[in-house]
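Just protein18.txt here, compact mmCIF, C-alpha atoms:
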```txt
# COMPACT_ATOMS: atom_id res chain seq x y z
CA MET A 1 -0.74 -23.83 -20.70
CA THR A 2 -3.57 -21.35 -21.30
CA ASP A 3 -5.40 -20.23 -24.42
CA PHE A 4 -4.29 -16.64 -24.94
CA ILE A 5 -7.49 -15.19 -26.42
CA SER A 6 -9.79 -16.97 -23.95
CA GLU A 7 -7.63 -15.86 -21.02
CA ILE A 8 -7.52 -12.17 -21.89
CA HIS A 9 -11.19 -12.21 -22.88
CA TRP A 10 -12.48 -13.27 -19.45
CA ARG A 11 -10.10 -10.80 -17.83
CA GLY A 12 -11.62 -7.95 -19.84
CA LEU A 13 -8.32 -7.34 -21.62
CA LEU A 14 -9.56 -7.98 -25.15
CA HIS A 15 -10.72 -4.86 -26.94
CA GLN A 16 -10.01 -5.49 -30.63
CA ARG A 17 -8.38 -8.14 -32.77
CA THR A 18 -7.86 -8.49 -36.47
CA ALA A 19 -8.89 -11.50 -38.59
CA GLN A 20 -10.53 -13.33 -35.70
CA SER A 21 -10.85 -16.84 -37.14
CA GLU A 22 -7.41 -16.73 -38.80
CA LEU A 23 -5.83 -15.53 -35.57
CA ASP A 24 -7.49 -18.30 -33.54
CA SER A 25 -6.12 -20.86 -35.98
CA HIS A 26 -2.69 -19.22 -35.97
CA LEU A 27 -2.42 -19.41 -32.17
CA ARG A 28 -3.13 -23.14 -32.01
CA THR A 29 0.57 -23.64 -32.77
CA PRO A 30 2.78 -22.89 -29.74
CA GLY A 31 5.85 -20.72 -30.13
CA ARG A 32 4.29 -17.80 -32.01
CA VAL A 33 6.02 -14.46 -31.50
CA ALA A 34 4.34 -11.20 -30.48
CA TYR A 35 5.63 -7.81 -29.47
CA ALA A 36 4.42 -4.74 -27.60
CA GLY A 37 6.14 -1.38 -27.78
CA PHE A 38 6.93 0.93 -24.86
CA ASP A 39 7.47 4.66 -25.24
CA PRO A 40 10.46 5.97 -23.21
CA THR A 41 8.92 9.33 -22.31
CA SER A 42 9.85 8.75 -18.67
CA ASP A 43 12.41 6.83 -16.64
CA SER A 44 9.58 4.77 -15.11
CA LEU A 45 6.34 3.07 -16.11
CA THR A 46 2.81 3.50 -14.81
CA ILE A 47 0.06 0.98 -14.13
CA GLY A 48 -1.35 2.02 -17.50
CA ASN A 49 1.89 0.83 -19.15
CA PHE A 50 1.53 -2.38 -17.18
CA ILE A 51 -1.47 -3.48 -19.29
CA PRO A 52 0.44 -4.17 -22.57
CA LEU A 53 3.12 -5.85 -20.48
CA LYS A 54 0.38 -7.97 -18.89
CA LEU A 55 -0.69 -9.03 -22.39
CA LEU A 56 2.87 -10.21 -23.01
CA ILE A 57 2.86 -12.13 -19.71
CA HIS A 58 -0.33 -13.96 -20.72
CA TRP A 59 1.17 -14.51 -24.17
CA GLN A 60 4.17 -16.20 -22.57
CA GLN A 61 1.96 -18.32 -20.30
CA ALA A 62 0.15 -19.55 -23.42
CA GLY A 63 3.42 -21.02 -24.72
CA HIS A 64 4.36 -18.19 -27.08
CA THR A 65 7.42 -15.90 -27.18
CA PRO A 66 7.09 -12.24 -26.08
CA ILE A 67 9.21 -9.38 -27.38
CA ILE A 68 9.41 -6.13 -25.45
CA LEU A 69 10.25 -3.37 -27.89
CA MET A 70 11.78 -0.30 -26.30
CA GLY A 71 11.18 2.82 -28.38
CA GLY A 72 14.67 4.25 -28.33
CA GLY A 73 14.19 5.34 -31.95
CA THR A 74 10.50 6.25 -32.05
CA GLY A 75 10.94 8.01 -28.69
CA LEU A 76 13.05 10.58 -30.50
CA ILE A 77 9.94 11.47 -32.54
CA GLY A 78 6.93 11.06 -30.21
CA ASP A 79 3.63 9.24 -30.68
CA PRO A 80 0.68 11.62 -31.32
CA SER A 81 -1.86 8.96 -30.24
CA GLY A 82 -4.00 10.20 -27.38
CA ARG A 83 -2.21 13.56 -27.34
CA SER A 84 -3.95 16.90 -27.75
CA ALA A 85 -0.67 18.76 -28.22
CA GLU A 86 2.79 18.21 -29.62
CA ARG A 87 5.26 16.43 -27.36
CA SER A 88 8.45 18.22 -26.40
CA LEU A 89 11.29 16.46 -28.14
CA MET A 90 13.75 14.80 -25.75
CA SER A 91 17.48 14.59 -26.23
CA ALA A 92 18.94 11.30 -27.39
CA GLU A 93 20.76 11.00 -24.05
CA GLN A 94 17.50 11.33 -22.09
CA VAL A 95 15.69 8.82 -24.30
CA PHE A 96 18.45 6.23 -23.92
CA ALA A 97 18.60 6.80 -20.14
CA ASN A 98 14.83 6.27 -19.91
CA VAL A 99 15.11 3.07 -21.95
CA ALA A 100 17.76 1.71 -19.58
CA SER A 101 15.68 2.58 -16.52
CA GLN A 102 12.49 1.05 -17.92
CA LYS A 103 14.36 -2.15 -18.80
CA LYS A 104 15.13 -2.72 -15.12
CA ILE A 105 11.40 -2.64 -14.34
CA MET A 106 10.57 -5.03 -17.19
CA GLU A 107 13.12 -7.55 -16.00
CA ARG A 108 11.33 -7.85 -12.65
CA LEU A 109 7.92 -8.53 -14.15
CA ILE A 110 8.33 -11.03 -17.01
CA ASP A 111 10.44 -14.19 -17.38
CA PHE A 112 13.73 -13.68 -19.23
CA ASP A 113 15.30 -16.95 -18.07
CA PRO A 114 17.23 -18.25 -21.14
CA LYS A 115 16.52 -21.81 -19.97
CA ARG A 116 12.87 -21.22 -20.84
CA PRO A 117 12.23 -21.99 -24.55
CA ASN A 118 9.89 -19.02 -24.91
CA HIS A 119 11.79 -16.60 -22.69
CA ALA A 120 11.08 -12.90 -23.11
CA ILE A 121 13.31 -10.78 -25.35
CA ILE A 122 14.05 -7.05 -25.10
CA LEU A 123 14.90 -5.13 -28.26
CA ASN A 124 15.42 -1.43 -28.95
CA ASN A 125 14.15 0.00 -32.23
CA ALA A 126 16.94 2.57 -32.18
CA ASP A 127 19.17 -0.29 -33.34
CA TRP A 128 17.55 -0.26 -36.78
CA LEU A 129 15.60 3.00 -37.10
CA THR A 130 18.67 5.16 -36.57
CA GLN A 131 20.42 3.29 -39.38
CA LEU A 132 17.76 4.19 -41.97
CA SER A 133 18.30 7.03 -44.40
CA TYR A 134 15.51 9.46 -45.23
CA ILE A 135 15.51 8.24 -48.84
CA ASP A 136 15.23 4.61 -47.68
CA VAL A 137 12.13 5.44 -45.62
CA LEU A 138 10.47 7.32 -48.48
CA ARG A 139 11.20 4.59 -51.04
CA ASP A 140 10.66 1.45 -48.96
CA VAL A 141 7.99 2.57 -46.50
CA GLY A 142 6.39 5.85 -47.52
CA LYS A 143 5.41 4.58 -50.98
CA HIS A 144 3.00 2.11 -49.36
CA PHE A 145 1.08 4.75 -47.36
CA SER A 146 -1.83 6.81 -48.59
CA VAL A 147 -1.87 10.31 -47.13
CA ASN A 148 -5.68 10.21 -47.34
CA GLU A 149 -5.76 7.14 -45.10
CA MET A 150 -3.20 8.58 -42.70
CA ILE A 151 -5.26 11.75 -42.28
CA ALA A 152 -8.35 9.65 -41.56
CA ARG A 153 -6.73 8.00 -38.50
CA ASP A 154 -8.21 9.22 -35.21
CA SER A 155 -4.86 10.26 -33.73
CA VAL A 156 -4.14 12.48 -36.74
CA ARG A 157 -7.65 13.78 -37.43
CA LYS A 158 -8.11 15.03 -33.85
CA ARG A 159 -4.87 16.93 -34.02
CA LEU A 160 -5.71 18.39 -37.43
CA ASP A 161 -8.94 19.71 -35.95
CA SER A 162 -7.11 21.28 -33.01
CA GLU A 163 -5.71 24.80 -32.90
CA GLN A 164 -2.12 23.58 -32.78
CA GLY A 165 -2.42 20.99 -35.55
CA ILE A 166 0.24 18.32 -36.05
CA SER A 167 3.82 18.55 -37.21
CA TYR A 168 5.21 16.51 -40.07
CA THR A 169 7.45 14.82 -37.49
CA GLU A 170 4.59 13.36 -35.46
CA PHE A 171 2.53 12.76 -38.61
CA SER A 172 5.32 10.41 -39.73
CA TYR A 173 5.30 8.41 -36.48
CA MET A 174 2.97 5.72 -37.81
CA LEU A 175 5.44 4.98 -40.64
CA LEU A 176 8.16 4.21 -38.12
CA GLN A 177 5.92 2.00 -35.96
CA ALA A 178 4.74 0.16 -39.07
CA TYR A 179 8.37 -0.36 -40.06
CA ASP A 180 9.06 -1.82 -36.60
CA PHE A 181 6.44 -4.50 -37.21
CA LEU A 182 7.83 -5.19 -40.67
CA HIS A 183 11.38 -5.44 -39.29
CA LEU A 184 10.34 -7.84 -36.51
CA ARG A 185 8.35 -9.91 -39.02
CA LYS A 186 11.50 -10.38 -41.08
CA ARG A 187 13.99 -10.71 -38.22
CA SER A 188 12.09 -12.73 -35.60
CA ASN A 189 9.06 -14.13 -37.47
CA CYS A 190 6.95 -11.92 -35.21
CA THR A 191 3.36 -12.23 -36.40
CA VAL A 192 1.35 -10.39 -33.71
CA GLN A 193 1.49 -6.89 -32.28
CA LEU A 194 -0.13 -6.23 -28.89
CA GLY A 195 -1.01 -2.84 -27.43
CA GLY A 196 -3.59 -0.51 -25.99
CA SER A 197 -6.71 0.42 -27.93
CA ASP A 198 -5.18 3.81 -28.79
CA GLN A 199 -2.55 1.95 -30.84
CA PHE A 200 -4.97 0.12 -33.13
CA GLY A 201 -4.48 2.51 -36.05
CA ASN A 202 -0.70 2.19 -35.86
CA ILE A 203 -0.99 -1.59 -35.64
CA VAL A 204 -3.15 -1.68 -38.76
CA SER A 205 -0.53 0.40 -40.58
CA GLY A 206 2.05 -2.26 -39.77
CA LEU A 207 -0.26 -5.03 -40.97
CA ASP A 208 -0.79 -3.18 -44.26
CA LEU A 209 2.95 -2.77 -44.76
CA ILE A 210 3.62 -6.47 -44.09
CA ARG A 211 0.84 -7.45 -46.48
CA ARG A 212 2.23 -5.22 -49.23
CA GLU A 213 5.62 -6.89 -48.76
CA ASN A 214 3.93 -10.31 -49.20
CA LEU A 215 5.35 -11.69 -45.95
CA GLY A 216 2.32 -13.72 -44.91
CA ASP A 217 -0.30 -13.40 -42.19
CA SER A 218 0.14 -10.98 -39.31
CA PHE A 219 -2.32 -9.86 -36.65
CA GLY A 220 -3.10 -7.21 -34.06
CA VAL A 221 -4.67 -7.47 -30.59
CA THR A 222 -5.49 -4.53 -28.33
CA ALA A 223 -6.59 -4.10 -24.72
CA PRO A 224 -8.89 -1.36 -23.43
CA LEU A 225 -7.45 1.69 -21.73
CA ILE A 226 -7.97 1.37 -17.98
CA SER A 227 -10.54 3.56 -16.26
CA ARG A 228 -12.25 3.84 -12.90
CA SER A 229 -15.98 3.74 -12.32
CA ASP A 230 -15.84 7.05 -10.42
CA GLY A 231 -14.29 8.83 -13.40
CA ARG A 232 -11.04 9.58 -11.59
CA LYS A 233 -8.14 9.98 -14.00
CA MET A 234 -4.64 8.66 -13.39
CA SER A 235 -2.29 10.33 -15.79
CA LYS A 236 1.24 11.61 -15.97
CA SER A 237 0.05 14.97 -17.28
CA GLU A 238 -2.24 15.50 -14.27
CA GLY A 239 0.33 14.28 -11.75
CA THR A 240 -1.89 11.42 -10.57
CA ALA A 241 -0.10 8.49 -12.21
CA ILE A 242 0.63 5.37 -10.18
CA TRP A 243 4.24 4.45 -10.94
CA LEU A 244 5.86 1.01 -10.99
CA SER A 245 9.06 2.26 -9.38
CA SER A 246 9.97 4.59 -6.53
CA ASN A 247 13.36 5.77 -7.74
CA THR A 248 12.68 9.48 -7.11
CA GLU A 249 10.47 11.61 -4.85
CA GLN A 250 8.14 12.18 -7.80
CA ARG A 251 7.41 8.47 -8.11
CA THR A 252 4.98 6.31 -6.14
CA SER A 253 6.44 4.94 -2.91
CA PRO A 254 5.74 1.27 -2.07
CA TRP A 255 3.52 2.46 0.79
CA ALA A 256 1.47 4.74 -1.50
CA PHE A 257 1.37 1.97 -4.11
CA TYR A 258 -0.07 -0.50 -1.56
CA GLN A 259 -2.58 2.05 -0.29
CA PHE A 260 -3.76 2.83 -3.83
CA TRP A 261 -4.97 -0.74 -4.30
CA ILE A 262 -6.37 -0.95 -0.75
CA ASN A 263 -8.50 2.13 -1.44
CA LEU A 264 -9.97 1.02 -4.76
CA PRO A 265 -13.78 1.41 -4.80
CA ASP A 266 -15.84 -1.76 -4.39
CA ALA A 267 -17.23 -1.18 -7.89
CA ASP A 268 -13.74 -1.53 -9.40
CA VAL A 269 -11.85 -4.05 -7.32
CA ILE A 270 -12.87 -7.33 -9.01
CA GLN A 271 -12.40 -5.99 -12.55
CA TRP A 272 -9.03 -4.52 -11.61
CA MET A 273 -8.03 -7.83 -10.06
CA LYS A 274 -8.74 -9.49 -13.42
CA TRP A 275 -6.80 -6.81 -15.28
CA PHE A 276 -3.73 -6.66 -13.10
CA THR A 277 -3.14 -9.91 -11.22
CA LEU A 278 -2.42 -13.42 -12.38
CA PHE A 279 -4.98 -14.92 -10.01
CA PRO A 280 -6.79 -17.80 -11.78
CA GLN A 281 -10.44 -17.54 -12.72
CA ASP A 282 -11.73 -19.82 -9.93
CA HIS A 283 -9.94 -17.77 -7.29
CA VAL A 284 -11.24 -14.47 -8.65
CA ASN A 285 -14.81 -15.77 -8.91
CA ASP A 286 -14.70 -17.15 -5.36
CA LEU A 287 -13.31 -13.89 -4.03
CA ALA A 288 -15.97 -11.92 -5.93
CA HIS A 289 -18.72 -13.90 -4.15
CA ARG A 290 -17.11 -13.35 -0.73
CA HIS A 291 -16.60 -9.67 -1.43
CA ALA A 292 -20.23 -9.22 -2.51
CA ALA A 293 -21.39 -10.89 0.72
CA ALA A 294 -19.12 -8.83 3.01
CA PRO A 295 -17.65 -5.79 1.20
CA HIS A 296 -16.89 -4.08 4.54
CA LEU A 297 -14.11 -6.62 5.17
CA ARG A 298 -12.34 -5.36 2.01
CA GLU A 299 -10.84 -8.80 1.46
CA ALA A 300 -10.65 -8.27 -2.30
CA GLN A 301 -8.79 -4.96 -1.91
CA LYS A 302 -6.37 -6.50 0.59
CA GLN A 303 -5.54 -9.42 -1.69
CA LEU A 304 -5.17 -7.14 -4.71
CA ALA A 305 -2.91 -4.73 -2.82
CA ALA A 306 -0.75 -7.56 -1.48
CA GLU A 307 -0.40 -9.29 -4.84
CA MET A 308 0.43 -6.16 -6.83
CA THR A 309 2.93 -4.88 -4.23
CA ARG A 310 4.62 -8.29 -4.10
CA PHE A 311 4.69 -8.52 -7.90
CA VAL A 312 6.06 -5.02 -8.51
CA HIS A 313 8.23 -4.39 -5.42
CA GLY A 314 8.97 -7.87 -4.07
CA PRO A 315 7.96 -9.90 -0.98
CA ASP A 316 10.32 -8.11 1.44
CA VAL A 317 8.85 -4.70 0.61
CA LEU A 318 5.34 -6.14 0.85
CA HIS A 319 6.08 -7.42 4.36
CA ARG A 320 7.32 -3.99 5.46
CA VAL A 321 4.33 -2.05 4.14
CA GLN A 322 1.86 -4.59 5.53
CA SER A 323 3.52 -4.36 8.94
CA ALA A 324 3.31 -0.58 8.78
CA SER A 325 -0.35 -0.75 7.72
CA ASP A 326 -1.18 -3.09 10.61
CA ALA A 327 0.60 -0.77 13.03
CA LEU A 328 -1.21 2.30 11.75
CA PHE A 329 -4.72 0.93 11.32
CA SER A 330 -4.94 -2.16 13.54
CA GLY A 331 -3.34 -1.08 16.78
CA GLY A 332 0.12 -2.47 16.11
CA ASP A 333 3.43 -1.10 17.37
CA LEU A 334 4.10 2.14 15.49
CA ARG A 335 7.69 2.11 16.74
CA ALA A 336 8.27 -1.00 14.67
CA ILE A 337 7.83 1.01 11.46
CA GLU A 338 11.19 1.60 9.80
CA PRO A 339 12.30 5.27 9.82
CA SER A 340 12.70 5.26 6.03
CA LEU A 341 9.12 4.04 5.65
CA LEU A 342 7.70 6.34 8.30
CA GLU A 343 7.99 9.41 6.07
CA ASP A 344 6.10 7.64 3.28
CA VAL A 345 3.39 6.50 5.73
CA PHE A 346 2.73 10.04 6.90
CA ALA A 347 3.40 11.84 3.60
CA ASP A 348 -0.30 12.37 2.82
CA VAL A 349 -1.49 12.78 6.42
CA PRO A 350 -2.28 16.36 7.57
CA HIS A 351 0.66 17.52 9.62
CA THR A 352 2.12 20.50 11.42
CA SER A 353 5.67 21.35 12.48
CA HIS A 354 6.63 22.42 16.01
CA ALA A 355 9.80 23.33 17.86
CA ARG A 356 11.35 20.24 19.39
CA LEU A 357 12.37 22.30 22.44
CA GLN A 358 8.77 22.08 23.67
CA LEU A 359 9.34 18.40 24.42
CA ASP A 360 12.27 18.97 26.77
CA GLY A 361 11.85 18.49 30.51
CA GLU A 362 8.20 17.94 31.42
CA GLY A 363 7.18 18.50 27.80
CA VAL A 364 4.08 20.27 26.51
CA ALA A 365 0.47 19.67 27.55
CA LEU A 366 -1.44 17.92 24.80
CA ALA A 367 -4.40 20.20 25.52
CA ASP A 368 -2.19 23.18 24.64
CA LEU A 369 -0.79 21.61 21.45
CA LEU A 370 -3.99 20.25 19.90
CA PRO A 371 -5.38 23.70 18.94
CA GLN A 372 -2.17 24.23 16.94
CA THR A 373 -3.22 21.28 14.75
CA SER A 374 -6.37 20.53 12.77
CA LEU A 375 -7.67 18.24 15.54
CA ALA A 376 -9.12 20.95 17.78
CA SER A 377 -10.18 24.55 17.24
CA SER A 378 -9.61 25.71 20.84
CA LYS A 379 -8.18 24.63 24.17
CA ARG A 380 -11.70 24.14 25.48
CA GLU A 381 -12.50 21.76 22.62
CA ALA A 382 -9.15 20.01 23.10
CA ARG A 383 -9.88 19.40 26.81
CA GLU A 384 -13.32 18.08 25.92
CA PHE A 385 -11.88 15.59 23.40
CA LEU A 386 -9.26 14.45 25.90
CA SER A 387 -11.81 14.03 28.70
CA ASN A 388 -13.92 11.87 26.40
CA GLY A 389 -10.95 9.64 25.56
CA ALA A 390 -11.16 10.67 21.89
CA VAL A 391 -7.46 11.42 21.36
CA ALA A 392 -4.67 8.88 20.85
CA VAL A 393 -0.91 9.43 20.84
CA ASN A 394 0.98 6.97 18.67
CA GLY A 395 -2.02 4.64 18.78
CA ASN A 396 -2.50 4.78 22.57
CA LYS A 397 -5.43 6.61 24.17
CA ALA A 398 -4.26 9.81 25.88
CA SER A 399 -5.34 10.91 29.33
CA ALA A 400 -6.80 14.35 29.98
CA ASP A 401 -3.52 15.60 31.45
CA HIS A 402 -1.18 13.92 28.94
CA ARG A 403 2.03 15.79 28.22
CA LEU A 404 4.10 15.15 25.10
CA THR A 405 7.82 14.57 25.64
CA ALA A 406 10.77 13.44 23.56
CA ALA A 407 9.89 9.87 24.53
CA ASP A 408 6.79 10.14 22.32
CA LEU A 409 8.84 10.77 19.17
CA LEU A 410 8.82 8.09 16.47
CA ALA A 411 12.19 7.84 14.74
CA GLY A 412 13.24 10.93 16.67
CA ARG A 413 11.03 13.38 14.77
CA THR A 414 7.35 12.39 14.46
CA ILE A 415 4.36 12.02 16.81
CA LEU A 416 1.09 10.58 15.50
CA LEU A 417 -2.04 12.21 16.98
CA ARG A 418 -5.45 10.81 16.17
CA ARG A 419 -8.91 11.97 17.16
CA GLY A 420 -11.95 9.71 17.14
```
Now that the file is in, can you turn its structure into structure tokens?
Amino acid sequence: MTDFISEIHWRGLLHQRTAQSELDSHLRTPGRVAYAGFDPTSDSLTIGNFIPLKLLIHWQQAGHTPIILMGGGTGLIGDPSGRSAERSLMSAEQVFANVASQKKIMERLIDFDPKRPNHAIILNNADWLTQLSYIDVLRDVGKHFSVNEMIARDSVRKRLDSEQGISYTEFSYMLLQAYDFLHLRKRSNCTVQLGGSDQFGNIVSGLDLIRRENLGDSFGVTAPLISRSDGRKMSKSEGTAIWLSSNTEQRTSPWAFYQFWINLPDADVIQWMKWFTLFPQDHVNDLAHRHAAAPHLREAQKQLAAEMTRFVHGPDVLHRVQSASDALFSGGDLRAIEPSLLEDVFADVPHTSHARLQLDGEGVALADLLPQTSLASSKREAREFLSNGAVAVNGNKASADHRLTAADLLAGRTILLRRG
């Protein structure tokens, strides 16, 4: 059993916490209850959403009980935190569909086994928020909030200073999140809320409401928002998010997911391993030393990619993408790559389309086809590359007079050409 605060601290997952000494004392008793909320703005989750879930995983490993709170009710309103503009309101049907889809992801990543005393619990705040009347909220919740303090919160102040401003609907969001904490304090003796650093203001609102109701000590813990050393952003709004499911073409395929971790910069890989994996401290420290001594081997990236793909997509999927990676980059048999995976493997590779009829009979001379791709600018240059042995077809070096035929097709539709 681990110490929760010590564990997330060395992993770089501790950004803020309230009442430090009181919280440390509180957590010495196993079986405490904490929750983290998840906003159903999409039918999937990103690696950014994974961080509060990771806090819950460490919470469970420390002997405490985690609650995953799906925002079926608050999702009908929209959280202004971190937003420069008003969210488009979703229909109730879309919100509830997103909640159901996200639940399936959660159930793969944290232990819900009822045989475990501190098994994870999933709740949906629509179950109680949609039962509240407007008068109830004003009397029982709104009376405890100072408008002056609400305006001073970063998420509100930034929007007030913007051209668009903030609607009363989103301005009221913090009341609903605070009520969630109060409700879980009463219902489940939940004493800790976990979340990203952008949620600290909302967490404090919940703590204030619980204190005003004289329900005893409650606490908040936040993790930093993830970032890369090269400044590259990964966001849903910019279309660069890394998703935890591949249920549609717009989501991240297992192959692209694996390659994302493989291609992490050396400056990031050890910190990201602490953030995202469950590797113990000794293993991470040992790997950090080996990586520093031989970064060109990319051992840290390979272990991180394997662990995250196994964790999120399962061992069978990991085996398939590793086999495909070995075939593509280490001289393996490209024909062994499954047809369904082949399209994902080549999705981001420069490609051209050609009439299949060219491959009939004796086929087409590679020297004639190369200038129709980005690999050669002319037939003369193509012949030069071929004479130098610089061109490979499906991983095999091509001769100067190589002709492409239907036999070269992978899965009946693709030929991989490589120069260099």
- prompt: What is the atom CA of Arg418 of chain A to atom CA of Asn396 of chain A distance in Å?
  reply: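 Atom CA of Asn396 of chain A lies 9.3 Å from atom CA of Arg418 of chain A.
The protein and nucleic acid residues lying at most 9 Å from Asp217 of chain A are Glu22, Leu23, His26, Thr191, Leu207, Ile210 and Arg211 of chain A, with all atoms listed in the file considered and sequence neighbours fewer than 5 positions away removed.
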Once you count only C-alpha atoms, what closest atom pair and distance in Å to one decimal does each residue of segment 80-129 of chain A within 9 Å of segment 175-180 of chain A have, with rows by chain and rising residue number, as a tab-separated table?
```
residue	atom	partner	partner_atom	distance
A:Asn125	CA	A:Asp180	CA	7.0
A:Trp128	CA	A:Asp180	CA	8.6
A:Leu129	CA	A:Leu176	CA	7.6
```
Segment 405-409 of chain A surroundings by all atoms listed in the file, 12 Å radius, close-in-sequence under 6 positions cut, as a list in words: Leu334, Arg335, Pro339, Leu342, Ala355, Arg356, Leu357, Gln358, Leu359, Asp360, Gly361, Glu362, Gly363, Val364, Ala365, Leu366, Leu369, Ala392, Val393, Asn394, Gly395, Asn396, Ala398, Ile415, Leu416 and Leu417 of chain A
- prompt: Hey, can you check how far atom CA of Ala97 of chain A sits from atom CA of Leu76 of chain A?
  reply: 12.3 Å
message: Which residues are close to segment 272-287 of chain A, i.e. within 7 Å by all atoms listed in the file, leaving aside same-chain residues fewer than 6 positions away? Reply as a list of chain:residue names.
response: A:Arg11, A:Gly12, A:Leu13, A:Ala300, A:Leu304, A:Glu307, A:Met308
- prompt: Counting all atoms listed in the file, what is within 12 Å of Thr130 of chain A, bar same-chain residues fewer than 5 positions away, as a ChimeraX atom specification?
  reply: /A:71-77,92,124-125,136-137,176,180
field: All residues 9 Å or closer to Gln259 of chain A, only C-alpha atoms, same chain fewer than 4 positions away omitted, as a PyMOL selection string
entry: chain A and resi 254-255+263-264+305+325
Taking C-alpha atoms for each residue, export the selection above as a compact mmCIF listing (two decimals), keeping the file's coordinate frame.
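After the write, result_31.txt holds the following:
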```
# COMPACT_ATOMS: atom_id res chain seq x y z
CA PRO A 254 5.74 1.27 -2.07
CA TRP A 255 3.52 2.46 0.79
CA ASN A 263 -8.50 2.13 -1.44
CA LEU A 264 -9.97 1.02 -4.76
CA ALA A 305 -2.91 -4.73 -2.82
CA SER A 325 -0.35 -0.75 7.72
```
statement: Using only C-alpha atoms, the residue out of A:Ser227, A:Gln322, A:Gln372, A:Ser245 with shortest distance to Leu109 of chain A is A:Ser245
